[in-house]
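Asker: Here it is, the structure, as C-alpha cells.
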Amino acid sequence: MPFNPQPSNCRNWATDILLLTLAIGALYFIWLGGYPLFTPDEGRYSEVAREMLASGDFITPRVNGVAFLDKPVLYYWLQALAMYWFGIHEWAVRFFPALYGVAGCLAVYVAGRRLFDRRTGVLSAIILATTPLYFCTSHYANLDLEIAVLITVSLLSFLLATGASGKSRSALFVLAYIFAGLGFLTKGLIAIAFPAMIGGLWILLLSRWRLLTSMRLGLGVVIVLAITLPWFVLVQRANPEFLHFFFVTQQVTRFLSAAEFNNPSPHWFYVPVIIVGFLPWAAFLLQSLFSQIRSCWQAREEHTATLFLLIWAMVVFTFFSIPHSKTISYIIPIFPALALLVGHQLAVNWDKSQADCGLKLAMSLFVIFNTLLAAAFFALPYYQWMDIALSATPTLFMVGSVLGFSAIIVTLFWRRLRVSSLFYICTLTSAAMLLSLTMGATHLNPNSAKPLVKKLETILQPTDTVVNYFKFYQDVPLYLKRTIILVADWESPTIAERDNWVRELWYSMPFQNTDEILLNETAFWKRWHSDETMYVFVNKNYLDQFQSHTKQVHVIGRHEDIILIGNHSRMTN
C-alpha cells in the first residue's frame with residue numbers, strides 16, 4: 001500500500017498524544033457539568049441508566065419504568081457506570097460522551113500520522129476537536145457521538161490494516177471488528193453497514209479483491225456475534241416481541257421512513273449543517289475536496305488513503321440524505337474523514353503564501369462565514385428564531401463578538417497571512433467560541449424542569465405522586481430519582497402518526513403492564529380529586545385544558561413555560 005508513514009519516533013508519539021490529550025481534555029471537560037440536562041435526549045437516556053442502577057436489571061432498558069427498546073444497551077451500561085463512579089448529576093452523565101470525543105480526536109491523530117505524516121495527524125486532531133458540531137455532541141448525553149467514534153475507529157483500523165503486514169495486520173483487522181461489534185451494541189446495524197459499504201466500495205474501485213482473503217471475515221463475524229449476541233438473546237427472552245420491534249420498526253422502517261420519524265427534511269438538509277457544523281474549517285473544505293478528488297482521479301493507486309476518506313465522506317452524506325427523516329447530529333460520522341482531508345491539505349501547504357495555494361479563497365470564506373454567523377448571534381435575541389431565553393443574550397453577544405473580531409483580524413492582516421497563521425486564527429476562534437457557549441449553556445436551555453424540581457424536593461414526601469400532564473419533561477424522573485405518572489390520550493388513533501414521546505412509550509405497552517404509569521385523563525382526574533397528594537408539571541399551553549377539569553389548582557412555582565401545581569390547599573406559593 002502506498003501509505004507514507006514517517007519514521008517511528010516513540011518520544012514524538014508520546015509527546016504528541018500527551019499534549020493533545022491534555023489540551024483537548026481541558027477543552028472538553030471544563031464546565032461539562034455546569035448546565036442542566038437538555039431534554040428530551042439527555043433526560044431520557046440518562047434516566048435509563050439510573051433505572052438500571054436502581055433496579056439491578058441491566059438487560060431491559062426502561063424510561064420512567066416503561067420498557068425502552070429503541071436502542072441497544074452498551075451506552076446505558078457506560079452511563080450507569082459513570083453514575084456509579086461519580087453520582088447522579090450532569091457531569092457524570094456527560095463523562096463518557098466527552099471521553100469518547102477526546103478518544104475520537106486521538107484516533108484521528110494516530111491515523112493521520114500513519115497514513116500521511118506527523119503534521120497531518122496533529123492538525124487533523126485539532127480540527128476535529130474544534131469542530132462545533134463534534135464538540136457539542138461530545139457535551140450532549142445521547143448516542144450519536146458515541147456511534148460516530150466507534151465507526152471511525154473501526155474504519156481507520158481497517159484502513160491501517162490494509163497497509164500493514166504480519167501480526168500488525170491481523171491485530172488491526174481484529175480491532176476493526178471489535179469496534180464494529182461495540183458500535184452494533186450501541187446503535188445497531190449502522191455500525192456494520194458503514195464499514196461494509198465504505199470498505200467494499202474502496203476495494204471495488206481499486207480492484208483489491210485479494211484483500212478479501214486476508215481480512216479474516218469469518219473471525220470478524222465471530223467477534224461481532226460474541227460481543228452482541230448475549231444481550232440480544234437475553235433481552236429477547238425477557239421481551240418476546242423485541243427482535244421484530246428493534247430490527248423491523250426501529251432499524252429498517254426508520255431508515256426507509258415508512259412512518260414519520262423525527263424531522264421531515266429535504267435531501268439537501270445536511271449541506272448547511274456541514275457548513276455551519278464544520279466552521280471555521282469549512283473555509284478550507286471546498287478546495288481540500290477538489291484538490292484531493294483531482295489527485296485520486298488522476299492516480300488513485302497513489303492516493304489510496306485519500307480515496308478511502310473521500311468514499312467515507314460520500315457514503316455517509318448520501319446514506320443520511322436519503323431518508324425523509326433527518327436529525328442534525330446523525331451526520332457526525334462524516335467529520336473525522338473531513339478533518340483528515342482538510343488536515344492533510346493544510347499540512348501539504350503549511351508554509352505557503354496566498355499566491356502559492358489559493359489561500360485567498362479560504363480567507364474570503366472565513367470572513368464571509370464568520371460575519372454572517374456573528375450577525376445571526378447578535379440578531380437572535382431580538383428575532384427569537386429559536387426557543388432561547390432572554391438571559392442567553394450575553395452568551396450570544398460574546399460568541400458573536402468572537403466571530404466578528406476574528407473576521408476583522410483576518411481582514412486587517414489580509415496580505416500577511418499564510419496557511420499556518422490562518423490555521424492558528426481558526427483554532428483560537430473556534431476554541432473561544434466553544435468555551436463561551438459551554439460557559440453560558442445554562443441560559444441556552446429554557447426547557448429544563450430542574451429549578452422546579454429543586455423547589456419540589458423541599459416539600460415532596462415519599463408517598464406523594466408526581467405527574468407530567470400531556471408533556472413529558474424527561475429530566476424530572478432523573479432529578480427526582482423516582483418514577484412519575486404520565487398523562488396523555490393513550491388510546492388516540494393518531495399516536496402512530498407522530499414521532500414524539502407519546503409514541504415512544506406507546507410502542508412499549510405490549511412489553512409490560514403500564515396502567516399505573518401511563519394514565520388517561522379519566523383515571524388521572526379520579527386520583528386528583530381523591531385524598532392522594534399530587535404534584536403536576538404542566539406546560540402553559542395545556543394550562544387552560546387542565547383548569548377546565550378542576551378548581552383545585554395551587555401553583556407551587558413557575559419556570560419559563562413550565563408550571564408546577566398541587567392539588568391541596570395546604571401547599572403554598
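Letters for chains follow the order of the C-alpha cells (A, B, ...), residue numbers begin at 1 for each chain, and ligand numbers begin at 1 in the order shown.
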Show me, as CSV, the residues of segment 43-93 of chain A having an atom within 10 Å of segment 180-203 of chain A, each with the closest atom pair and its distance in Å, using only C-alpha atoms.
Answerer:
```
residue,atom,partner,partner_atom,distance
A:Asp70,CA,A:Lys187,CA,8.9
A:Lys71,CA,A:Lys187,CA,5.6
A:Pro72,CA,A:Leu185,CA,5.3
A:Val73,CA,A:Thr186,CA,6.2
A:Leu74,CA,A:Thr186,CA,5.1
A:Tyr75,CA,A:Thr186,CA,5.7
A:Tyr76,CA,A:Thr186,CA,8.7
A:Trp77,CA,A:Thr186,CA,9.9
```
Asker: Could you pull the residues within 9 Å of Tyr473 of chain A, counting only C-alpha atoms, minus those fewer than 4 positions along the same chain, as an NGL selection string?
Answerer: :A and (39-40 or 43 or 447-449 or 468 or 477 or 537)
Asker: Keeping C-alpha atoms, export the residues of the selection given above as an mmCIF file, in the first residue's frame.
Answerer:
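File out18.cif, as written:
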```
data_model
loop_
_atom_site.group_PDB
_atom_site.id
_atom_site.type_symbol
_atom_site.label_atom_id
_atom_site.label_comp_id
_atom_site.auth_asym_id
_atom_site.auth_seq_id
_atom_site.Cartn_x
_atom_site.Cartn_y
_atom_site.Cartn_z
ATOM 1 C CA THR A 39 -34.365 17.433 27.025
ATOM 2 C CA PRO A 40 -35.539 15.136 25.724
ATOM 3 C CA GLY A 43 -33.028 13.240 30.355
ATOM 4 C CA ASN A 447 -36.895 23.735 28.769
ATOM 5 C CA SER A 448 -35.224 22.250 31.837
ATOM 6 C CA ALA A 449 -37.509 21.465 34.772
ATOM 7 C CA ASN A 468 -46.451 15.221 33.915
ATOM 8 C CA PRO A 477 -37.561 11.371 36.828
ATOM 9 C CA PHE A 537 -45.837 19.680 35.887
#
```
Asker: Do a neighbour search on segment 521-536 of chain A at 12 Å with only C-alpha atoms, toss out local chain neighbours closer than 4 positions, and write the hits as an mmCIF file with C-alpha atoms, in the first residue's frame.
Answerer:
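Ended up saving to selection_34.cif:
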```
data_model
loop_
_atom_site.group_PDB
_atom_site.id
_atom_site.type_symbol
_atom_site.label_atom_id
_atom_site.label_comp_id
_atom_site.auth_asym_id
_atom_site.auth_seq_id
_atom_site.Cartn_x
_atom_site.Cartn_y
_atom_site.Cartn_z
ATOM 1 C CA ALA A 449 -37.509 21.465 34.772
ATOM 2 C CA LEU A 452 -38.939 23.456 39.774
ATOM 3 C CA VAL A 453 -37.682 20.013 40.760
ATOM 4 C CA LYS A 455 -38.302 23.528 44.727
ATOM 5 C CA LEU A 456 -40.472 20.418 44.791
ATOM 6 C CA GLU A 457 -37.833 18.424 46.657
ATOM 7 C CA ILE A 459 -41.876 19.659 50.205
ATOM 8 C CA LEU A 460 -42.142 16.251 48.498
ATOM 9 C CA GLN A 461 -42.937 13.252 50.714
ATOM 10 C CA PRO A 462 -42.203 9.592 49.794
ATOM 11 C CA THR A 463 -45.928 8.807 49.475
ATOM 12 C CA ASP A 464 -46.700 11.791 47.224
ATOM 13 C CA THR A 465 -47.293 11.381 43.494
ATOM 14 C CA VAL A 466 -45.578 13.385 40.751
ATOM 15 C CA VAL A 467 -47.250 13.787 37.351
ATOM 16 C CA ASN A 468 -46.451 15.221 33.915
ATOM 17 C CA TYR A 469 -49.621 16.365 32.162
ATOM 18 C CA PHE A 470 -49.647 15.937 28.352
ATOM 19 C CA LYS A 471 -45.974 16.898 28.124
ATOM 20 C CA PHE A 472 -43.148 14.699 29.386
ATOM 21 C CA TYR A 473 -40.306 16.656 30.970
ATOM 22 C CA VAL A 476 -37.894 15.122 36.036
ATOM 23 C CA ILE A 484 -43.569 9.605 37.805
ATOM 24 C CA ILE A 485 -47.021 9.346 36.193
ATOM 25 C CA LEU A 486 -47.529 10.466 32.593
ATOM 26 C CA VAL A 487 -50.959 11.646 31.467
ATOM 27 C CA ALA A 488 -51.900 11.599 27.775
ATOM 28 C CA ASP A 489 -54.541 10.237 25.421
ATOM 29 C CA TRP A 490 -53.074 6.726 25.174
ATOM 30 C CA GLU A 491 -55.996 5.467 23.085
ATOM 31 C CA ASP A 515 -51.587 1.005 33.757
ATOM 32 C CA GLU A 516 -50.006 2.539 36.861
ATOM 33 C CA ILE A 517 -47.569 4.750 34.929
ATOM 34 C CA TYR A 542 -52.069 22.890 28.467
ATOM 35 C CA LEU A 543 -52.962 25.051 31.452
ATOM 36 C CA GLN A 545 -57.199 22.372 29.422
ATOM 37 C CA PHE A 546 -56.024 21.422 32.907
ATOM 38 C CA GLN A 547 -58.046 24.130 34.660
ATOM 39 C CA SER A 548 -61.203 23.215 32.761
ATOM 40 C CA HIS A 549 -61.345 19.997 34.797
ATOM 41 C CA THR A 550 -60.770 21.312 38.314
ATOM 42 C CA LYS A 551 -60.745 24.288 40.664
ATOM 43 C CA GLN A 552 -58.143 22.617 42.880
ATOM 44 C CA VAL A 553 -55.210 24.466 41.356
ATOM 45 C CA HIS A 554 -52.497 25.605 43.762
ATOM 46 C CA VAL A 555 -49.438 26.936 41.980
ATOM 47 C CA ILE A 556 -46.167 25.898 43.632
ATOM 48 C CA GLY A 557 -43.840 27.592 41.157
ATOM 49 C CA ARG A 558 -43.148 28.642 37.578
ATOM 50 C CA ILE A 562 -43.453 25.151 32.984
ATOM 51 C CA ILE A 563 -45.894 25.432 35.889
ATOM 52 C CA LEU A 564 -45.828 23.221 38.987
ATOM 53 C CA ILE A 565 -49.285 22.664 40.512
ATOM 54 C CA GLY A 566 -50.504 20.883 43.623
ATOM 55 C CA ASN A 567 -53.978 19.583 44.479
ATOM 56 C CA HIS A 568 -54.270 20.563 48.165
ATOM 57 C CA SER A 569 -54.725 23.962 49.768
ATOM 58 C CA ARG A 570 -52.019 23.348 52.378
ATOM 59 C CA MET A 571 -49.500 23.898 49.558
#
```
Asker: DSSP on the backbone: what in segment 307-420 of chain A comes out alpha helix (DSSP H), as JSON, numbers by chain?
Answerer: {"A": [307, 308, 309, 310, 311, 312, 313, 314, 315, 316, 317, 318, 319, 320, 321, 334, 335, 336, 337, 338, 339, 340, 341, 342, 343, 344, 345, 346, 347, 348, 354, 355, 356, 357, 359, 360, 361, 362, 363, 364, 365, 366, 367, 368, 369, 370, 371, 372, 373, 374, 375, 376, 377, 378, 379, 380, 381, 382, 383, 393, 394, 395, 396, 397, 398, 399, 400, 401, 402, 403, 404, 405, 406, 407, 408, 409, 410, 411, 412, 419, 420]}
Asker: Please list as an NGL selection string every residue within 9 Å of segment 299-314 of chain A, counting only C-alpha atoms and excluding residues in the same chain fewer than 2 positions away.
Answerer: :A and (1-3 or 115-116 or 155 or 159-160 or 194-195 or 197-199 or 201-202 or 205-206 or 289 or 292-297 or 316-319 or 333-338 or 340-341)
Asker: Would you list, as an NGL selection string, the residues of segment 251-339 of chain A that end up in strand (DSSP E or B) under DSSP run on this structure's backbone?
Answerer: :A and (263-264 or 325-326)
Asker: Residues of the last selection are to be written out with all heavy atoms, as a PDB file, in the first residue's frame.
Answerer:
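File out-v8.pdb, as written:
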```pdb
ATOM      1  N   ASN A 263     -37.581  14.655  12.144  1.00  0.00           N
ATOM      2  CA  ASN A 263     -37.918  15.860  11.401  1.00  0.00           C
ATOM      3  C   ASN A 263     -37.896  15.620   9.899  1.00  0.00           C
ATOM      4  O   ASN A 263     -36.819  15.453   9.329  1.00  0.00           O
ATOM      5  CB  ASN A 263     -36.917  16.965  11.752  1.00  0.00           C
ATOM      6  CG  ASN A 263     -36.835  17.193  13.243  1.00  0.00           C
ATOM      7  OD1 ASN A 263     -37.845  17.391  13.896  1.00  0.00           O
ATOM      8  ND2 ASN A 263     -35.625  17.139  13.789  1.00  0.00           N
ATOM      9  N   PRO A 264     -39.029  15.626   9.220  1.00  0.00           N
ATOM     10  CA  PRO A 264     -39.023  15.520   7.758  1.00  0.00           C
ATOM     11  C   PRO A 264     -38.247  16.684   7.158  1.00  0.00           C
ATOM     12  O   PRO A 264     -38.510  17.843   7.470  1.00  0.00           O
ATOM     13  CB  PRO A 264     -40.510  15.581   7.394  1.00  0.00           C
ATOM     14  CG  PRO A 264     -41.236  15.206   8.653  1.00  0.00           C
ATOM     15  CD  PRO A 264     -40.394  15.701   9.771  1.00  0.00           C
ATOM     16  N   SER A 325     -36.633  11.387   7.030  1.00  0.00           N
ATOM     17  CA  SER A 325     -36.402  11.845   8.387  1.00  0.00           C
ATOM     18  C   SER A 325     -34.921  12.153   8.602  1.00  0.00           C
ATOM     19  O   SER A 325     -34.063  11.347   8.275  1.00  0.00           O
ATOM     20  CB  SER A 325     -36.853  10.758   9.374  1.00  0.00           C
ATOM     21  OG  SER A 325     -36.383  11.024  10.664  1.00  0.00           O
ATOM     22  N   LYS A 326     -34.627  13.328   9.167  1.00  0.00           N
ATOM     23  CA  LYS A 326     -33.235  13.722   9.386  1.00  0.00           C
ATOM     24  C   LYS A 326     -33.104  14.448  10.720  1.00  0.00           C
ATOM     25  O   LYS A 326     -33.983  15.207  11.115  1.00  0.00           O
ATOM     26  CB  LYS A 326     -32.733  14.620   8.254  1.00  0.00           C
ATOM     27  CG  LYS A 326     -32.743  13.958   6.881  1.00  0.00           C
ATOM     28  CD  LYS A 326     -32.318  14.925   5.792  1.00  0.00           C
ATOM     29  CE  LYS A 326     -32.321  14.267   4.434  1.00  0.00           C
ATOM     30  NZ  LYS A 326     -33.690  13.911   3.997  1.00  0.00           N
TER      31      LYS A 326
END
```
Asker: Which residues of segment 271-333 of chain A sit at most 8 Å from segment 416-430 of chain A, using only C-alpha atoms? Give each one's shortest atom pair and distance in Å (one decimal place), in chain and ascending residue order, as a Markdown table.
Answerer:
```
| residue | atom | partner | partner_atom | distance |
| --- | --- | --- | --- | --- |
| A:Leu279 | CA | A:Ser430 | CA | 7.8 |
| A:Pro280 | CA | A:Cys426 | CA | 5.9 |
| A:Trp281 | CA | A:Cys426 | CA | 7.3 |
```
Asker: Hey, can you check how far atom CA of Leu403 of chain A sits from atom CA of Gly440 of chain A?
Answerer: 16.2 Å
Asker: So, with only C-alpha atoms as the atoms that count, which of A:Thr15, A:Asn520, A:Thr371, A:Ser406 lies closest to Val122 of chain A?
Answerer: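 Using only C-alpha atoms, the shortest distance to Val122 of chain A belongs to A:Thr15.
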Asker: Can you build me a table of segment 8-34 of chain A residues sitting at most 9 Å from segment 91-98 of chain A, with the closest atom pair per residue and its distance in Å to one decimal, using only C-alpha atoms, sorted by chain and residue number, as a Markdown table?
Answerer:
```
| residue | atom | partner | partner_atom | distance |
| --- | --- | --- | --- | --- |
| A:Gly25 | CA | A:Ala98 | CA | 8.2 |
| A:Tyr28 | CA | A:Ala98 | CA | 6.1 |
| A:Phe29 | CA | A:Ala98 | CA | 6.8 |
| A:Trp31 | CA | A:Trp91 | CA | 8.5 |
| A:Leu32 | CA | A:Trp91 | CA | 5.7 |
| A:Gly33 | CA | A:Trp91 | CA | 3.9 |
| A:Gly34 | CA | A:Trp91 | CA | 7.6 |
```
Asker: Env of Ala375 of chain A: 9 Å cut, atoms = only C-alpha atoms, seq-sep filter 5 positions within chain, self excluded. Answer as a PyMOL selection string.
Answerer: chain A and resi 370+380+400+404
